[in-house]
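What's in final07.txt: compact mmCIF, C-alpha atoms
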# COMPACT_ATOMS: atom_id res chain seq x y z
CA MET A 28 23.77 -63.74 -136.46
CA GLU A 29 26.09 -62.08 -138.94
CA LYS A 30 28.81 -59.88 -137.54
CA PHE A 31 31.12 -57.32 -139.21
CA ASP A 32 34.34 -55.69 -138.15
CA VAL A 33 32.88 -52.44 -139.50
CA LEU A 34 29.16 -51.87 -139.96
CA ILE A 35 28.00 -48.67 -141.69
CA ILE A 36 24.45 -47.34 -141.38
CA GLY A 37 23.77 -45.35 -144.54
CA SER A 38 24.83 -45.72 -148.16
CA GLY A 39 25.39 -42.08 -149.11
CA ILE A 40 28.74 -40.60 -150.04
CA ALA A 41 29.85 -40.37 -146.38
CA GLY A 42 29.33 -44.06 -145.67
CA LEU A 43 30.83 -45.12 -149.01
CA THR A 44 33.88 -42.96 -148.36
CA VAL A 45 34.47 -44.75 -145.04
CA ALA A 46 34.45 -48.13 -146.80
CA GLU A 47 36.65 -46.87 -149.62
CA GLU A 48 39.17 -45.33 -147.20
CA ILE A 49 39.47 -48.58 -145.24
CA ARG A 50 39.91 -50.66 -148.37
CA LYS A 51 42.81 -48.48 -149.53
CA GLU A 52 44.92 -49.95 -146.74
CA ASP A 53 43.13 -53.03 -145.39
CA SER A 54 41.53 -55.79 -147.44
CA ASN A 55 40.79 -58.08 -144.49
CA LEU A 56 38.40 -56.13 -142.25
CA SER A 57 34.84 -57.27 -142.98
CA ILE A 58 32.62 -54.33 -143.98
CA GLY A 59 28.82 -54.16 -144.19
CA ILE A 60 26.62 -51.28 -145.36
CA LEU A 61 22.95 -50.95 -144.42
CA SER A 62 20.88 -48.90 -146.85
CA ASN A 63 17.31 -47.58 -146.67
CA GLU A 64 17.31 -47.37 -150.44
CA LYS A 65 16.12 -50.01 -152.90
CA ILE A 66 18.90 -49.18 -155.37
CA LEU A 67 22.67 -48.80 -155.22
CA PRO A 68 24.15 -45.54 -153.85
CA TYR A 69 23.67 -42.55 -156.13
CA TYR A 70 24.60 -38.87 -156.45
CA ARG A 71 21.95 -37.04 -154.43
CA LEU A 72 23.09 -33.68 -155.85
CA LYS A 73 22.16 -34.85 -159.35
CA LEU A 74 18.51 -35.57 -158.56
CA PRO A 75 17.13 -32.36 -160.19
CA TYR A 76 18.97 -33.16 -163.44
CA TYR A 77 17.28 -36.55 -163.72
CA ILE A 78 13.74 -35.19 -163.49
CA TYR A 79 13.82 -34.75 -167.27
CA ASN A 80 16.65 -37.13 -168.15
CA PRO A 81 16.72 -40.94 -168.15
CA ILE A 82 18.62 -42.53 -165.29
CA ASP A 83 21.96 -43.87 -166.52
CA GLU A 84 25.17 -45.26 -165.06
CA LYS A 85 26.39 -41.74 -164.19
CA PHE A 86 23.60 -41.54 -161.60
CA PHE A 87 25.34 -44.12 -159.42
CA ILE A 88 28.42 -43.44 -157.29
CA LYS A 89 29.83 -46.93 -157.69
CA PRO A 90 28.99 -49.69 -160.18
CA GLU A 91 27.55 -52.92 -158.79
CA ASN A 92 30.79 -54.84 -159.29
CA TRP A 93 32.68 -52.40 -157.03
CA PHE A 94 31.02 -53.85 -153.93
CA LYS A 95 31.92 -57.41 -154.92
CA ASP A 96 35.47 -56.52 -155.98
CA SER A 97 36.01 -54.51 -152.78
CA ASN A 98 34.50 -57.22 -150.58
CA VAL A 99 31.91 -54.81 -149.17
CA LYS A 100 28.50 -56.34 -148.45
CA ILE A 101 25.59 -53.94 -149.00
CA TYR A 102 22.08 -54.60 -147.72
CA LEU A 103 19.53 -52.70 -149.81
CA ASN A 104 16.06 -51.81 -148.54
CA SER A 105 17.21 -52.51 -144.99
CA PRO A 106 16.22 -49.66 -142.65
CA VAL A 107 17.58 -49.88 -139.13
CA ILE A 108 14.92 -50.22 -136.44
CA GLU A 109 17.09 -49.94 -133.34
CA VAL A 110 20.69 -50.07 -132.11
CA ASP A 111 21.82 -51.81 -128.93
CA PHE A 112 25.09 -49.95 -128.31
CA ASP A 113 25.92 -51.89 -125.17
CA HIS A 114 25.79 -55.29 -126.89
CA LYS A 115 26.87 -53.99 -130.33
CA ILE A 116 23.81 -55.26 -132.19
CA ILE A 117 21.79 -53.66 -135.01
CA PHE A 118 18.12 -54.62 -135.33
CA LEU A 119 16.51 -54.71 -138.77
CA SER A 120 12.91 -55.73 -139.41
CA ASP A 121 13.87 -59.33 -140.18
CA LYS A 122 17.31 -59.89 -138.63
CA LYS A 123 20.03 -58.83 -136.21
CA ILE A 124 23.58 -57.93 -137.21
CA GLY A 125 26.54 -57.56 -134.89
CA TYR A 126 29.52 -55.24 -135.20
CA LYS A 127 32.90 -54.43 -133.68
CA LYS A 128 32.91 -50.82 -134.88
CA LEU A 129 29.83 -48.89 -135.96
CA VAL A 130 29.61 -45.91 -138.32
CA ILE A 131 26.39 -43.88 -138.34
CA ALA A 132 26.17 -42.19 -141.75
CA SER A 133 22.38 -42.18 -142.02
CA GLY A 134 22.16 -38.68 -143.49
CA ALA A 135 19.16 -36.40 -143.14
CA LYS A 136 15.54 -36.30 -144.21
CA PRO A 137 13.68 -33.30 -145.61
CA TYR A 138 11.07 -31.22 -143.89
CA ASN A 139 7.93 -32.02 -145.88
CA GLY A 140 5.37 -29.68 -144.34
CA ASP A 141 3.43 -32.23 -142.30
CA ASP A 142 2.41 -29.49 -139.87
CA VAL A 143 0.93 -27.22 -142.58
CA VAL A 144 -0.34 -29.59 -145.30
CA ASP A 145 -4.00 -30.62 -145.19
CA ILE A 146 -4.46 -34.38 -145.61
CA ARG A 147 -6.43 -33.89 -148.84
CA ALA A 148 -3.50 -31.99 -150.36
CA ARG A 149 -0.79 -34.49 -149.36
CA ASP A 150 -0.77 -36.43 -152.66
CA ASN A 151 0.27 -33.27 -154.50
CA VAL A 152 3.06 -32.27 -152.10
CA PHE A 153 6.59 -33.53 -152.75
CA SER A 154 10.23 -33.27 -151.72
CA LEU A 155 13.37 -34.27 -153.65
CA ARG A 156 15.83 -36.09 -151.44
CA THR A 157 15.64 -39.74 -152.49
CA TYR A 158 15.32 -41.96 -155.55
CA GLU A 159 11.68 -42.61 -154.59
CA ASP A 160 11.05 -38.84 -154.59
CA LEU A 161 12.65 -38.59 -158.02
CA ILE A 162 10.45 -41.32 -159.51
CA ARG A 163 7.30 -39.61 -158.20
CA LEU A 164 8.34 -36.26 -159.67
CA LYS A 165 9.41 -37.77 -163.01
CA GLU A 166 5.89 -39.12 -163.33
CA ILE A 167 3.93 -36.00 -162.38
CA ILE A 168 6.06 -33.07 -163.64
CA PRO A 169 5.17 -33.56 -167.36
CA ARG A 170 1.47 -33.40 -166.44
CA VAL A 171 1.46 -30.11 -164.54
CA SER A 172 1.96 -26.48 -165.57
CA GLU A 173 2.26 -24.75 -162.17
CA VAL A 174 4.82 -25.62 -159.50
CA ALA A 175 5.44 -23.94 -156.15
CA ILE A 176 8.83 -24.55 -154.54
CA ILE A 177 9.03 -23.84 -150.81
CA GLY A 178 12.56 -22.73 -149.97
CA ALA A 179 15.03 -20.85 -152.18
CA GLY A 180 18.18 -22.54 -150.96
CA LEU A 181 20.69 -24.23 -153.26
CA LEU A 182 18.43 -27.20 -154.05
CA GLY A 183 15.30 -25.06 -154.38
CA ILE A 184 17.02 -22.82 -156.93
CA GLU A 185 18.37 -25.81 -158.86
CA LEU A 186 14.85 -27.23 -158.97
CA ALA A 187 13.44 -23.93 -160.23
CA SER A 188 16.14 -23.84 -162.92
CA THR A 189 15.30 -27.41 -163.97
CA LEU A 190 11.60 -26.53 -164.23
CA GLU A 191 12.17 -23.31 -166.19
CA GLY A 192 9.43 -22.99 -168.78
CA LYS A 193 6.64 -23.90 -166.38
CA SER A 194 4.91 -21.39 -164.13
CA VAL A 195 7.19 -21.59 -161.10
CA PHE A 196 6.76 -19.86 -157.74
CA LEU A 197 9.86 -19.77 -155.55
CA ILE A 198 8.77 -19.00 -151.98
CA GLU A 199 11.44 -18.00 -149.44
CA ILE A 200 11.13 -17.09 -145.77
CA ALA A 201 14.22 -14.84 -145.87
CA GLU A 202 14.35 -11.34 -147.33
CA ARG A 203 16.68 -12.29 -150.19
CA LEU A 204 18.32 -15.21 -151.96
CA LEU A 205 21.01 -17.41 -150.41
CA THR A 206 21.76 -15.40 -147.29
CA LYS A 207 24.68 -17.71 -146.38
CA GLN A 208 26.26 -17.92 -149.83
CA LEU A 209 25.71 -14.47 -151.37
CA ASP A 210 26.09 -10.88 -150.25
CA GLU A 211 23.43 -8.30 -151.12
CA VAL A 212 25.02 -7.35 -154.46
CA GLY A 213 25.36 -10.97 -155.58
CA ALA A 214 21.84 -11.82 -154.40
CA LEU A 215 20.33 -8.92 -156.33
CA LEU A 216 22.27 -9.81 -159.49
CA PHE A 217 21.10 -13.42 -159.25
CA GLU A 218 17.52 -12.44 -158.45
CA GLU A 219 17.33 -10.19 -161.51
CA GLU A 220 18.38 -13.09 -163.74
CA ILE A 221 15.94 -15.51 -162.12
CA ARG A 222 13.05 -13.08 -162.59
CA ARG A 223 14.14 -12.41 -166.17
CA ARG A 224 13.79 -16.14 -166.78
CA GLY A 225 10.15 -15.97 -165.70
CA ILE A 226 10.40 -17.34 -162.16
CA ASN A 227 8.08 -15.75 -159.61
CA VAL A 228 10.16 -15.10 -156.47
CA ILE A 229 8.35 -14.29 -153.22
CA PHE A 230 10.40 -13.25 -150.15
CA ASN A 231 9.59 -12.77 -146.45
CA SER A 232 6.93 -15.45 -146.71
CA LYS A 233 6.25 -18.39 -144.43
CA VAL A 234 3.80 -21.10 -145.45
CA GLU A 235 0.91 -21.13 -142.99
CA ARG A 236 -1.32 -23.71 -144.66
CA ILE A 237 -1.68 -25.75 -147.86
CA GLU A 238 -5.14 -26.92 -148.87
CA LYS A 239 -6.70 -28.48 -151.96
CA THR A 240 -9.58 -26.75 -153.75
CA ASN A 241 -10.99 -27.67 -157.17
CA ASN A 242 -7.92 -29.76 -158.13
CA LYS A 243 -5.59 -26.89 -157.24
CA LEU A 244 -3.43 -26.40 -154.18
CA VAL A 245 -3.92 -23.15 -152.30
CA ILE A 246 -0.83 -21.99 -150.42
CA PHE A 247 -1.64 -19.53 -147.64
CA LEU A 248 1.37 -17.34 -146.80
CA SER A 249 2.19 -15.34 -143.68
CA ASN A 250 1.97 -12.04 -145.60
CA ASN A 251 -1.71 -12.79 -146.38
CA LYS A 252 -0.93 -13.78 -149.96
CA GLU A 253 -2.47 -16.87 -151.52
CA ILE A 254 -0.73 -18.81 -154.30
CA LEU A 255 -2.43 -21.36 -156.56
CA SER A 256 -0.39 -24.26 -157.88
CA ASP A 257 -0.76 -27.78 -159.27
CA ILE A 258 1.91 -29.21 -156.98
CA VAL A 259 4.20 -28.10 -154.16
CA ILE A 260 7.81 -29.18 -153.68
CA PHE A 261 9.32 -28.59 -150.26
CA SER A 262 12.99 -27.65 -150.23
CA ALA A 263 13.04 -26.00 -146.82
CA GLY A 264 15.78 -27.74 -144.89
CA VAL A 265 16.50 -31.16 -143.44
CA VAL A 266 16.64 -32.89 -140.07
CA PRO A 267 19.10 -35.64 -139.05
CA ASN A 268 18.03 -39.22 -139.69
CA THR A 269 18.26 -40.55 -136.14
CA ASP A 270 14.83 -42.10 -135.50
CA PHE A 271 16.53 -45.43 -134.72
CA VAL A 272 18.74 -43.91 -132.00
CA ASN A 273 17.23 -43.86 -128.52
CA ASP A 274 20.47 -43.38 -126.61
CA LYS A 275 20.79 -39.82 -125.29
CA ARG A 276 24.53 -40.29 -124.81
CA ILE A 277 25.23 -39.54 -128.45
CA LEU A 278 22.34 -37.30 -129.56
CA SER A 279 23.21 -33.62 -129.99
CA PRO A 280 20.73 -30.88 -129.00
CA ARG A 281 19.68 -30.75 -132.67
CA LYS A 282 18.95 -34.49 -132.68
CA GLY A 283 22.03 -35.28 -134.75
CA ILE A 284 24.86 -37.55 -133.64
CA GLY A 285 27.36 -35.61 -131.55
CA VAL A 286 31.02 -36.18 -132.48
CA ASP A 287 34.46 -34.86 -131.62
CA THR A 288 37.10 -33.85 -134.17
CA ARG A 289 37.91 -37.54 -134.76
CA MET A 290 34.25 -38.08 -135.72
CA GLN A 291 34.06 -40.32 -132.64
CA THR A 292 30.90 -40.31 -130.50
CA SER A 293 30.86 -40.54 -126.72
CA ILE A 294 30.26 -44.30 -127.06
CA GLU A 295 33.38 -46.36 -127.68
CA ASP A 296 33.72 -47.82 -131.20
CA VAL A 297 30.86 -45.69 -132.56
CA PHE A 298 31.61 -43.03 -135.18
CA ALA A 299 29.43 -40.71 -137.26
CA CYS A 300 29.95 -38.73 -140.47
CA GLY A 301 28.08 -36.84 -143.16
CA ASP A 302 24.79 -34.99 -142.68
CA VAL A 303 23.98 -36.79 -139.42
CA ALA A 304 27.25 -35.86 -137.65
CA TYR A 305 27.24 -32.73 -135.49
CA LEU A 306 30.56 -31.26 -134.44
CA ASP A 307 30.07 -28.55 -131.80
CA ASN A 308 26.35 -28.89 -132.54
CA GLN A 309 26.86 -27.83 -136.16
CA ASN A 310 26.71 -29.54 -139.53
CA PRO A 311 27.44 -27.68 -142.80
CA GLY A 312 25.27 -30.06 -144.84
CA THR A 313 27.65 -30.14 -147.80
CA TRP A 314 29.00 -32.87 -150.05
CA ALA A 315 32.54 -31.79 -149.18
CA PHE A 316 31.94 -32.27 -145.44
CA ALA A 317 30.40 -35.70 -146.06
CA VAL A 318 33.48 -36.81 -147.98
CA GLU A 319 36.06 -35.32 -145.59
CA SER A 320 34.33 -36.58 -142.44
CA GLY A 321 34.04 -40.03 -144.04
CA LYS A 322 37.77 -40.05 -144.73
CA VAL A 323 38.49 -39.13 -141.10
CA VAL A 324 36.32 -42.00 -139.85
CA GLY A 325 37.97 -44.50 -142.19
CA LYS A 326 41.47 -43.50 -141.13
CA ASN A 327 40.60 -43.58 -137.43
CA ILE A 328 39.08 -47.05 -137.73
CA LEU A 329 42.46 -48.03 -139.14
CA GLY A 330 44.05 -46.58 -136.00
CA GLN A 331 45.66 -43.48 -137.52
CA ASN A 332 44.27 -40.94 -134.99
CA ILE A 333 43.26 -38.28 -137.55
CA GLU A 334 41.30 -35.13 -136.70
CA TYR A 335 38.87 -33.32 -138.98
CA GLN A 336 40.48 -30.07 -140.10
CA ARG A 337 38.01 -27.23 -139.82
CA LYS A 338 38.20 -25.04 -142.88
CA PRO A 339 35.76 -23.00 -144.93
CA ILE A 340 33.76 -25.30 -147.16
CA PRO A 341 32.91 -23.81 -150.57
CA TYR A 342 29.38 -23.73 -151.92
CA PHE A 343 28.81 -24.34 -155.62
CA LEU A 344 25.73 -23.57 -157.70
CA LYS A 345 24.97 -23.81 -161.41
CA ALA A 346 21.48 -22.60 -162.28
CA PHE A 347 19.74 -20.36 -164.81
CA GLY A 348 22.93 -20.19 -166.87
CA MET A 349 24.88 -18.75 -163.94
CA GLU A 350 27.77 -20.21 -161.95
CA ILE A 351 28.43 -19.29 -158.34
CA VAL A 352 31.23 -20.21 -155.96
CA SER A 353 31.22 -18.88 -152.42
CA ALA A 354 33.58 -19.70 -149.55
CA GLY A 355 34.48 -18.36 -146.13
CA ASN A 356 33.03 -15.22 -144.59
CA ILE A 357 31.57 -12.74 -147.07
CA ILE A 358 28.66 -11.47 -144.94
CA ASP A 359 30.02 -10.38 -141.55
CA VAL A 360 32.70 -8.03 -142.86
CA LYS A 361 33.14 -5.56 -140.00
CA GLU A 362 36.75 -4.43 -139.60
CA SER A 363 37.55 -6.16 -142.90
CA ASN A 364 38.84 -4.83 -146.23
CA LEU A 365 36.61 -5.46 -149.24
CA PHE A 366 37.71 -5.72 -152.86
CA GLU A 367 34.89 -5.95 -155.38
CA CYS A 368 34.41 -5.87 -159.14
CA LEU A 369 31.02 -5.86 -160.92
CA ASN A 370 30.28 -6.03 -164.62
CA LYS A 371 26.49 -6.13 -165.10
CA GLU A 372 26.79 -6.45 -168.88
CA LYS A 373 28.67 -9.73 -168.49
CA MET A 374 26.76 -10.61 -165.28
CA VAL A 375 30.11 -11.07 -163.52
CA TYR A 376 30.74 -10.20 -159.89
CA LYS A 377 33.81 -10.87 -157.73
CA LYS A 378 34.41 -10.12 -154.10
CA PHE A 379 37.37 -10.77 -151.79
CA VAL A 380 37.26 -10.16 -148.04
CA LEU A 381 40.54 -9.56 -146.19
CA LYS A 382 41.09 -9.23 -142.47
CA ASN A 383 44.56 -8.47 -141.11
CA LYS A 384 45.80 -8.97 -144.69
CA LYS A 385 44.45 -12.54 -144.73
CA LEU A 386 41.83 -13.76 -147.20
CA ILE A 387 38.84 -14.83 -145.10
CA GLY A 388 36.21 -15.16 -147.82
CA TYR A 389 35.43 -14.77 -151.50
CA LEU A 390 32.49 -14.81 -153.92
CA LEU A 391 32.71 -15.50 -157.64
CA ILE A 392 29.74 -15.17 -160.00
CA ASN A 393 30.07 -16.19 -163.66
CA ASP A 394 33.89 -16.16 -163.56
CA THR A 395 34.71 -19.22 -161.46
CA LYS A 396 37.57 -20.87 -163.37
CA THR A 397 40.15 -19.61 -160.87
CA HIS A 398 38.28 -20.99 -157.86
CA SER A 399 40.61 -23.93 -157.21
CA GLN A 400 43.61 -21.56 -157.23
CA ILE A 401 41.93 -18.96 -155.03
CA SER A 402 40.69 -21.54 -152.49
CA LYS A 403 44.28 -22.44 -151.59
CA PHE A 404 44.79 -18.91 -150.23
CA LEU A 405 41.89 -18.94 -147.77
CA GLY A 406 43.31 -18.02 -144.38
CA GLN A 407 46.58 -16.91 -145.95
CA GLU A 408 48.08 -13.45 -146.36
CA VAL A 409 47.68 -11.98 -149.84
CA ASN A 410 48.98 -8.73 -151.32
CA LEU A 411 47.47 -6.12 -153.62
CA LYS A 412 49.12 -7.64 -156.69
CA TRP A 413 47.45 -10.98 -155.96
CA ILE A 414 44.08 -9.27 -155.53
CA GLU A 415 44.43 -7.36 -158.80
CA LYS A 416 45.30 -10.57 -160.63
CA TYR A 417 42.22 -12.48 -159.52
CA LEU A 418 39.84 -9.52 -159.37
CA GLU A 419 40.35 -8.72 -163.04
CA ILE A 420 37.37 -9.45 -165.31
CA LYS A 421 38.43 -10.74 -168.70

In structure tokens, how does this file's structure come out?
Amino acid sequence: MEKFDVLIIGSGIAGLTVAEEIRKEDSNLSIGILSNEKILPYYRLKLPYYIYNPIDEKFFIKPENWFKDSNVKIYLNSPVIEVDFDHKIIFLSDKKIGYKKLVIASGAKPYNGDDVVDIRARDNVFSLRTYEDLIRLKEIIPRVSEVAIIGAGLLGIELASTLEGKSVFLIEIAERLLTKQLDEVGALLFEEEIRRRGINVIFNSKVERIEKTNNKLVIFLSNNKEILSDIVIFSAGVVPNTDFVNDKRILSPRKGIGVDTRMQTSIEDVFACGDVAYLDNQNPGTWAFAVESGKVVGKNILGQNIEYQRKPIPYFLKAFGMEIVSAGNIIDVKESNLFECLNKEKMVYKKFVLKNKKLIGYLLINDTKTHSQISKFLGQEVNLKWIEKYLEIK
């Protein structure tokens, strides 16, 4: 039986960051990575772009030679069946692998509507989370004219933007766009542009049932509307990938892996990071968190006793010719001071939220170049001169 000093379940950016962080300071620890995927690790956030574009080297996070040069062994197409935490053994379908320290970075899987999709409609219902999903969509998208996207979150909107030119329905359960990332002004501005581009946006609508009739899918909504479409793409949230974990000691109430600020679980020598790791029963589900939590795990495996620093994680979106950056608290603004600037002609909107003179949140639409400078002031005191400088629309 093979055995590694560090064994990582999951080949996304969180797991890769752990390996990279260890190799910065230690070339001797043996590292293994177990991947569900058939191909090398790739940029999940770029999946919509590659629906219409050929897959190239920029799709992959690391070139193949990186794993050899870094002495990191990666097992492709190797889903984990079970973990024996007491004996430190991982069970795959065809082998067992031992470890000294384990990192669970298995990510999350999308909700795909199993509870609402009729079996006859299943072949025309998709998600976009993996390479396999991408290949299926690359094949079918050129052959269809109508697409319904369930969920108008960041990925759903990127998908709609990618498919602009087709008849696209964007179906959202909330009453407006991006309730976590935009305020009402920003959401309305963005919605107007999306509708101008020909996207059909439907709010306050839950999917009750999807059936197939005469080669079309019929989507029955909670507001008694019915939508016809060639295919449906679900983009309505994810759940942690923890099917292989049967140990209640480390499962959070949301079925993720519970961790402390060191990304350590309640089981000795077992860490978690990325989309599967739940700190105080929460996971932001962002690329930034995956990277930062992976760094914390890597450093702690090296014995550095590092804690994850909680800080507002920015959200980024480029879609329909618009750029959005949102960070901190811009929604719950009671007892806060608001500074806003809107130019509808230029489609530019800026908002800063201050509480006790400290910047607690900001929103930038179509004027995002100063984001990296502004982000450094989150949680810091700022004065009126600073606000005027960054609020100005040029």

Choose the residue, out of A:Ile392, A:Leu72, A:Val265, A:Leu129, that has the smallest atom-to-atom separation from Ile328 (chain A); count all atoms listed in the file. A:Leu129

Kindly list the centre and edge lengths in Å, rounded to one decimal, for the axis-aligned box that covers all listed atoms of region 269-286 of chain A plus 3 Å on each of its six sides, as lines of an AutoDock Vina configuration file.
center_x = 22.9
center_y = -38.1
center_z = -130.5
size_x = 22.2
size_y = 20.7
size_z = 17.3

Which one is closest to Ile131 (chain A): A:Ala354, A:Ala46, A:Ile35, A:Val375? Count all atoms listed in the file. A:Ile35

What are the closest atom pairs, with distances in Å to one decimal, for all residues of region 119-188 of chain A lying within 10 Å of region 79-97 of chain A? Consider all atoms listed in the file, order rows by chain and residue number, and present the result as CSV.
residue,atom,partner,partner_atom,distance
A:Leu164,CA,A:Tyr79,CA,9.5
A:Lys165,CA,A:Tyr79,CA,6.8
A:Glu166,CA,A:Tyr79,CA,9.9
A:Ile168,CA,A:Tyr79,CA,8.7
A:Pro169,CA,A:Tyr79,CA,8.7

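Between Ser188 (chain A) and the residues A:Val130, A:Ile254, A:Ile226, A:Val152, the shortest atom-to-atom distance, using only C-alpha atoms, involves A:Ile226.
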
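Taking only C-alpha atoms into account, Leu390 (chain A) lies nearest to A:Lys207 out of the set A:Lys243, A:Lys207, A:Arg163, A:Lys373.
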
Is it possible to get the residues within 10 Å of (26.3, -29.6, -143.4) (coordinates as in the file, counting only C-alpha atoms) written as a short mmCIF file (atom, residue, chain, number, x, y, z; two decimals) with C-alpha atoms, keeping the file's coordinate frame?
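Contents of the output file result-v1.cif:
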data_model
loop_
_atom_site.label_atom_id
_atom_site.label_comp_id
_atom_site.auth_asym_id
_atom_site.auth_seq_id
_atom_site.Cartn_x
_atom_site.Cartn_y
_atom_site.Cartn_z
CA GLY A 134 22.16 -38.68 -143.49
CA ALA A 135 19.16 -36.40 -143.14
CA VAL A 265 16.50 -31.16 -143.44
CA GLY A 301 28.08 -36.84 -143.16
CA ASP A 302 24.79 -34.99 -142.68
CA VAL A 303 23.98 -36.79 -139.42
CA ALA A 304 27.25 -35.86 -137.65
CA TYR A 305 27.24 -32.73 -135.49
CA GLN A 309 26.86 -27.83 -136.16
CA ASN A 310 26.71 -29.54 -139.53
CA PRO A 311 27.44 -27.68 -142.80
CA GLY A 312 25.27 -30.06 -144.84
CA THR A 313 27.65 -30.14 -147.80
CA TRP A 314 29.00 -32.87 -150.05
CA ALA A 315 32.54 -31.79 -149.18
CA PHE A 316 31.94 -32.27 -145.44
CA ALA A 317 30.40 -35.70 -146.06
CA ILE A 340 33.76 -25.30 -147.16
#
